[in-house]
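Contents: one structure, followed by commentary.
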Amino acid sequence: MMSSPLPSTSSSSESTEEPANRAEQARALCLRLLTVRARTRAELEGRLAKRGYPDDISAEVLDRLAQVGLVDDEDFAEQWVRSRQIHAGKGKRALAAELRTKGVDNEVIVAALAGIDAGAEQTRAEQLVRDKLRREKLGDPSDRDAENKVARRLVGMLARRGYGQSMALGVVTAELANERERRKV
């Protein structure tokens, strides 16, 4: 039985196939990540760097994905703001912080947040407080300590979601008064 000689591994064929193979692997990784959810360019760059892909290959793959519209930070920011405001009740400050964490540029963040007006933000804050108040036990109206405790919790909840202190305090005060009136009837 004769054995055939092993193919030679010359450096010239390896140098042309290796970057192409690595680029294809990087592209496949990005596509898998984008299948789960939309991602920013910075998120994908970070994942590629974590896996050890060279910067030139990462840039080439991400540029191509941006050309075909699969990586678009502006679109990502608009979708993120809309979704997080509606479903998580986040305010502008929290949304801006989340987008910064995801590697979105400040100009893109400002443009994405421009669609939120103060009235819509206050309306969402009122809804959050109303929903929370329905489950709160307010106790005796003369017990100011209990009411202050509830108010502090509600203001804290709004602050954690990125609403300003003055807006949060105003919304909580008004909604506490409305809830007391509603419970009197």
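By order of appearance in the structure tokens: chains A, B, ..., then residues from 1 within every chain, and ligands from 1 in the order shown.
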
For Val129 (chain A), please output as an NGL selection string all residues within 9 Å (counting only C-alpha atoms; exclusion window: fewer than 2 positions along the same chain).
:A and (124-127 or 131-134 or 154-155 or 157-158 or 171-172 or 175-176)

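Residues with any atom within 8 Å of Arg39 (chain A), counting only C-alpha atoms and excluding same-chain neighbours fewer than 6 positions away, are Leu33, Val71, Asp73 and Phe76 of chain A.
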
What's around Pro54 (chain A) at 10 Å? Count only C-alpha atoms, leave out sequence neighbours fewer than 3 positions away in its own chain, and write the answer as a PyMOL selection string.
chain A and resi 19+22-23+26+48-49+51+57-59

Grab the residues selected above and save them as a short mmCIF file (atom, residue, chain, number, x, y, z; two decimals), in the first residue's frame with all heavy atoms.
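Once everything was written out, this is again00.cif:
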```
data_model
loop_
_atom_site.label_atom_id
_atom_site.label_comp_id
_atom_site.auth_asym_id
_atom_site.auth_seq_id
_atom_site.Cartn_x
_atom_site.Cartn_y
_atom_site.Cartn_z
N PRO A 19 -6.33 35.09 5.80
CA PRO A 19 -7.15 36.28 6.05
C PRO A 19 -8.57 36.14 5.51
O PRO A 19 -9.52 36.59 6.14
CB PRO A 19 -6.40 37.41 5.35
CG PRO A 19 -4.99 36.94 5.28
CD PRO A 19 -5.08 35.44 5.13
N ARG A 22 -10.38 33.97 7.97
CA ARG A 22 -10.64 34.71 9.20
C ARG A 22 -11.75 35.74 8.99
O ARG A 22 -12.59 35.94 9.86
CB ARG A 22 -9.37 35.42 9.70
CG ARG A 22 -8.27 34.51 10.19
CD ARG A 22 -8.61 33.82 11.48
NE ARG A 22 -8.48 34.77 12.59
CZ ARG A 22 -8.94 34.56 13.80
NH1 ARG A 22 -9.56 33.44 14.08
NH2 ARG A 22 -8.80 35.45 14.73
N ALA A 23 -11.76 36.39 7.85
CA ALA A 23 -12.81 37.37 7.54
C ALA A 23 -14.17 36.68 7.46
O ALA A 23 -15.17 37.20 7.95
CB ALA A 23 -12.49 38.09 6.24
N ALA A 26 -15.25 35.89 10.97
CA ALA A 26 -15.69 37.12 11.64
C ALA A 26 -17.08 37.53 11.15
O ALA A 26 -17.93 37.93 11.95
CB ALA A 26 -14.68 38.24 11.39
N LEU A 48 -15.57 40.98 18.36
CA LEU A 48 -14.53 40.49 17.45
C LEU A 48 -13.16 40.59 18.10
O LEU A 48 -12.34 39.68 17.98
CB LEU A 48 -14.57 41.25 16.12
CG LEU A 48 -15.78 40.97 15.23
CD1 LEU A 48 -15.81 41.93 14.04
CD2 LEU A 48 -15.80 39.53 14.76
N ALA A 49 -12.91 41.69 18.79
CA ALA A 49 -11.61 41.85 19.47
C ALA A 49 -11.45 40.81 20.58
O ALA A 49 -10.36 40.25 20.76
CB ALA A 49 -11.51 43.25 20.06
N ARG A 51 -12.57 37.87 20.57
CA ARG A 51 -12.27 36.59 19.92
C ARG A 51 -10.91 36.59 19.22
O ARG A 51 -10.53 35.60 18.61
CB ARG A 51 -13.35 36.24 18.89
CG ARG A 51 -14.71 35.98 19.48
CD ARG A 51 -14.81 34.53 19.96
NE ARG A 51 -16.10 34.23 20.50
CZ ARG A 51 -17.04 33.56 19.85
NH1 ARG A 51 -16.82 33.10 18.65
NH2 ARG A 51 -18.19 33.34 20.43
N ILE A 57 -9.28 43.14 9.79
CA ILE A 57 -10.35 42.21 9.39
C ILE A 57 -11.68 42.66 9.98
O ILE A 57 -12.71 42.68 9.29
CB ILE A 57 -10.01 40.76 9.81
CG1 ILE A 57 -8.87 40.23 8.96
CG2 ILE A 57 -11.24 39.86 9.70
CD1 ILE A 57 -8.41 38.83 9.30
N SER A 58 -11.67 43.08 11.24
CA SER A 58 -12.90 43.57 11.89
C SER A 58 -13.46 44.77 11.13
O SER A 58 -14.66 44.83 10.86
CB SER A 58 -12.63 43.96 13.34
OG SER A 58 -12.25 42.85 14.09
N ALA A 59 -12.60 45.72 10.81
CA ALA A 59 -13.04 46.91 10.09
C ALA A 59 -13.62 46.55 8.72
O ALA A 59 -14.67 47.09 8.33
CB ALA A 59 -11.89 47.89 9.94
#
```

Find the spatial neighbours of region 114-119 of chain A, counting only C-alpha atoms, within a cut-off of 9 Å - ignore same-chain residues fewer than 3 positions away - and output them as a ChimeraX atom specification.
/A:78,81-82,92,109-111,122-124

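Comparing the minimum interatomic distances between Arg183 (chain A) and each of A:Lys149, A:Arg32, A:Lys137, A:His87, counting only C-alpha atoms, we find that A:Lys137 sits nearest.
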
Let's see if you can do this: from backbone DSSP, list all helix (DSSP H, G or I) residues in region 89-135 of chain A, as a PyMOL selection string.
chain A and resi 92-101+106-113+118-133

Residues from last step as file, N, CA, C and O atoms, as a compact mmCIF listing (two decimals), in the first residue's frame:
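Generated output (out-v1.txt):
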```
# COMPACT_ATOMS: atom_id res chain seq x y z
N LYS A 92 -35.00 60.14 29.72
CA LYS A 92 -33.93 60.53 28.79
C LYS A 92 -32.55 60.24 29.34
O LYS A 92 -31.68 59.76 28.62
N ARG A 93 -32.32 60.56 30.62
CA ARG A 93 -30.98 60.36 31.17
C ARG A 93 -30.57 58.90 31.17
O ARG A 93 -29.45 58.54 30.82
N ALA A 94 -31.48 58.02 31.55
CA ALA A 94 -31.18 56.59 31.57
C ALA A 94 -30.96 56.06 30.15
O ALA A 94 -30.06 55.24 29.92
N LEU A 95 -31.76 56.52 29.22
CA LEU A 95 -31.60 56.08 27.83
C LEU A 95 -30.25 56.52 27.26
O LEU A 95 -29.57 55.75 26.58
N ALA A 96 -29.86 57.76 27.55
CA ALA A 96 -28.56 58.26 27.08
C ALA A 96 -27.42 57.43 27.67
O ALA A 96 -26.47 57.07 26.97
N ALA A 97 -27.52 57.11 28.95
CA ALA A 97 -26.47 56.30 29.60
C ALA A 97 -26.40 54.91 28.99
O ALA A 97 -25.30 54.39 28.75
N GLU A 98 -27.55 54.30 28.71
CA GLU A 98 -27.56 52.97 28.10
C GLU A 98 -26.92 53.00 26.71
O GLU A 98 -26.15 52.10 26.36
N LEU A 99 -27.25 54.02 25.93
CA LEU A 99 -26.69 54.12 24.59
C LEU A 99 -25.17 54.37 24.62
O LEU A 99 -24.43 53.83 23.81
N ARG A 100 -24.73 55.19 25.59
CA ARG A 100 -23.29 55.40 25.73
C ARG A 100 -22.58 54.09 26.06
O ARG A 100 -21.50 53.80 25.54
N THR A 101 -23.19 53.28 26.92
CA THR A 101 -22.63 51.99 27.28
C THR A 101 -22.51 51.08 26.06
O THR A 101 -21.59 50.28 25.96
N ASN A 106 -22.21 60.48 20.76
CA ASN A 106 -23.08 61.47 21.41
C ASN A 106 -24.01 62.17 20.43
O ASN A 106 -25.16 62.45 20.78
N GLU A 107 -23.55 62.45 19.21
CA GLU A 107 -24.42 63.11 18.23
C GLU A 107 -25.62 62.22 17.88
O GLU A 107 -26.74 62.70 17.72
N VAL A 108 -25.37 60.94 17.77
CA VAL A 108 -26.44 59.99 17.45
C VAL A 108 -27.41 59.89 18.63
O VAL A 108 -28.63 59.83 18.45
N ILE A 109 -26.87 59.91 19.85
CA ILE A 109 -27.71 59.85 21.05
C ILE A 109 -28.63 61.07 21.11
O ILE A 109 -29.83 60.95 21.35
N VAL A 110 -28.06 62.25 20.90
CA VAL A 110 -28.85 63.49 20.93
C VAL A 110 -29.96 63.44 19.89
O VAL A 110 -31.11 63.80 20.17
N ALA A 111 -29.64 62.96 18.70
CA ALA A 111 -30.66 62.87 17.64
C ALA A 111 -31.76 61.88 18.00
O ALA A 111 -32.94 62.13 17.76
N ALA A 112 -31.38 60.76 18.61
CA ALA A 112 -32.38 59.74 18.98
C ALA A 112 -33.28 60.23 20.10
O ALA A 112 -34.47 59.93 20.12
N LEU A 113 -32.72 60.99 21.02
CA LEU A 113 -33.51 61.48 22.16
C LEU A 113 -34.33 62.72 21.82
O LEU A 113 -35.21 63.10 22.58
N ALA A 118 -40.93 66.64 26.50
CA ALA A 118 -41.10 66.66 27.96
C ALA A 118 -42.49 66.18 28.37
O ALA A 118 -42.66 65.52 29.39
N GLY A 119 -43.49 66.51 27.56
CA GLY A 119 -44.85 66.09 27.88
C GLY A 119 -45.01 64.58 27.85
O GLY A 119 -45.65 63.99 28.73
N ALA A 120 -44.43 63.94 26.84
CA ALA A 120 -44.51 62.48 26.74
C ALA A 120 -43.75 61.82 27.88
O ALA A 120 -44.19 60.81 28.43
N GLU A 121 -42.61 62.42 28.25
CA GLU A 121 -41.83 61.86 29.35
C GLU A 121 -42.59 61.97 30.67
O GLU A 121 -42.63 61.03 31.46
N GLN A 122 -43.24 63.12 30.88
CA GLN A 122 -44.02 63.29 32.11
C GLN A 122 -45.22 62.36 32.13
O GLN A 122 -45.54 61.77 33.17
N THR A 123 -45.88 62.18 31.01
CA THR A 123 -47.03 61.28 30.93
C THR A 123 -46.61 59.85 31.28
O THR A 123 -47.31 59.15 32.01
N ARG A 124 -45.46 59.42 30.78
CA ARG A 124 -44.96 58.07 31.09
C ARG A 124 -44.63 57.95 32.57
O ARG A 124 -44.92 56.92 33.19
N ALA A 125 -44.04 58.99 33.16
CA ALA A 125 -43.72 58.98 34.59
C ALA A 125 -45.00 58.90 35.42
O ALA A 125 -45.07 58.15 36.41
N GLU A 126 -46.02 59.64 35.02
CA GLU A 126 -47.31 59.59 35.73
C GLU A 126 -47.91 58.20 35.68
O GLU A 126 -48.44 57.70 36.69
N GLN A 127 -47.84 57.57 34.52
CA GLN A 127 -48.38 56.21 34.37
C GLN A 127 -47.63 55.23 35.26
O GLN A 127 -48.25 54.36 35.91
N LEU A 128 -46.32 55.34 35.32
CA LEU A 128 -45.52 54.45 36.17
C LEU A 128 -45.89 54.62 37.64
O LEU A 128 -46.06 53.63 38.37
N VAL A 129 -46.06 55.86 38.07
CA VAL A 129 -46.41 56.13 39.48
C VAL A 129 -47.82 55.63 39.77
O VAL A 129 -48.06 55.01 40.81
N ARG A 130 -48.75 55.88 38.85
CA ARG A 130 -50.12 55.40 39.05
C ARG A 130 -50.17 53.89 39.19
O ARG A 130 -50.85 53.36 40.08
N ASP A 131 -49.44 53.19 38.33
CA ASP A 131 -49.42 51.73 38.40
C ASP A 131 -48.85 51.25 39.73
O ASP A 131 -49.35 50.29 40.32
N LYS A 132 -47.82 51.89 40.20
CA LYS A 132 -47.18 51.52 41.46
C LYS A 132 -48.09 51.86 42.65
O LYS A 132 -48.18 51.10 43.62
N LEU A 133 -48.74 53.00 42.58
CA LEU A 133 -49.60 53.45 43.69
C LEU A 133 -50.81 52.54 43.90
O LEU A 133 -51.27 52.39 45.03
```

Please compute the CA of Ala174 (chain A)-CA of Val150 (chain A) distance, one decimal, in Å.
13.2 Å

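CA of Asp105 (chain A) is positioned 19.8 Å from CA of Arg64 (chain A).
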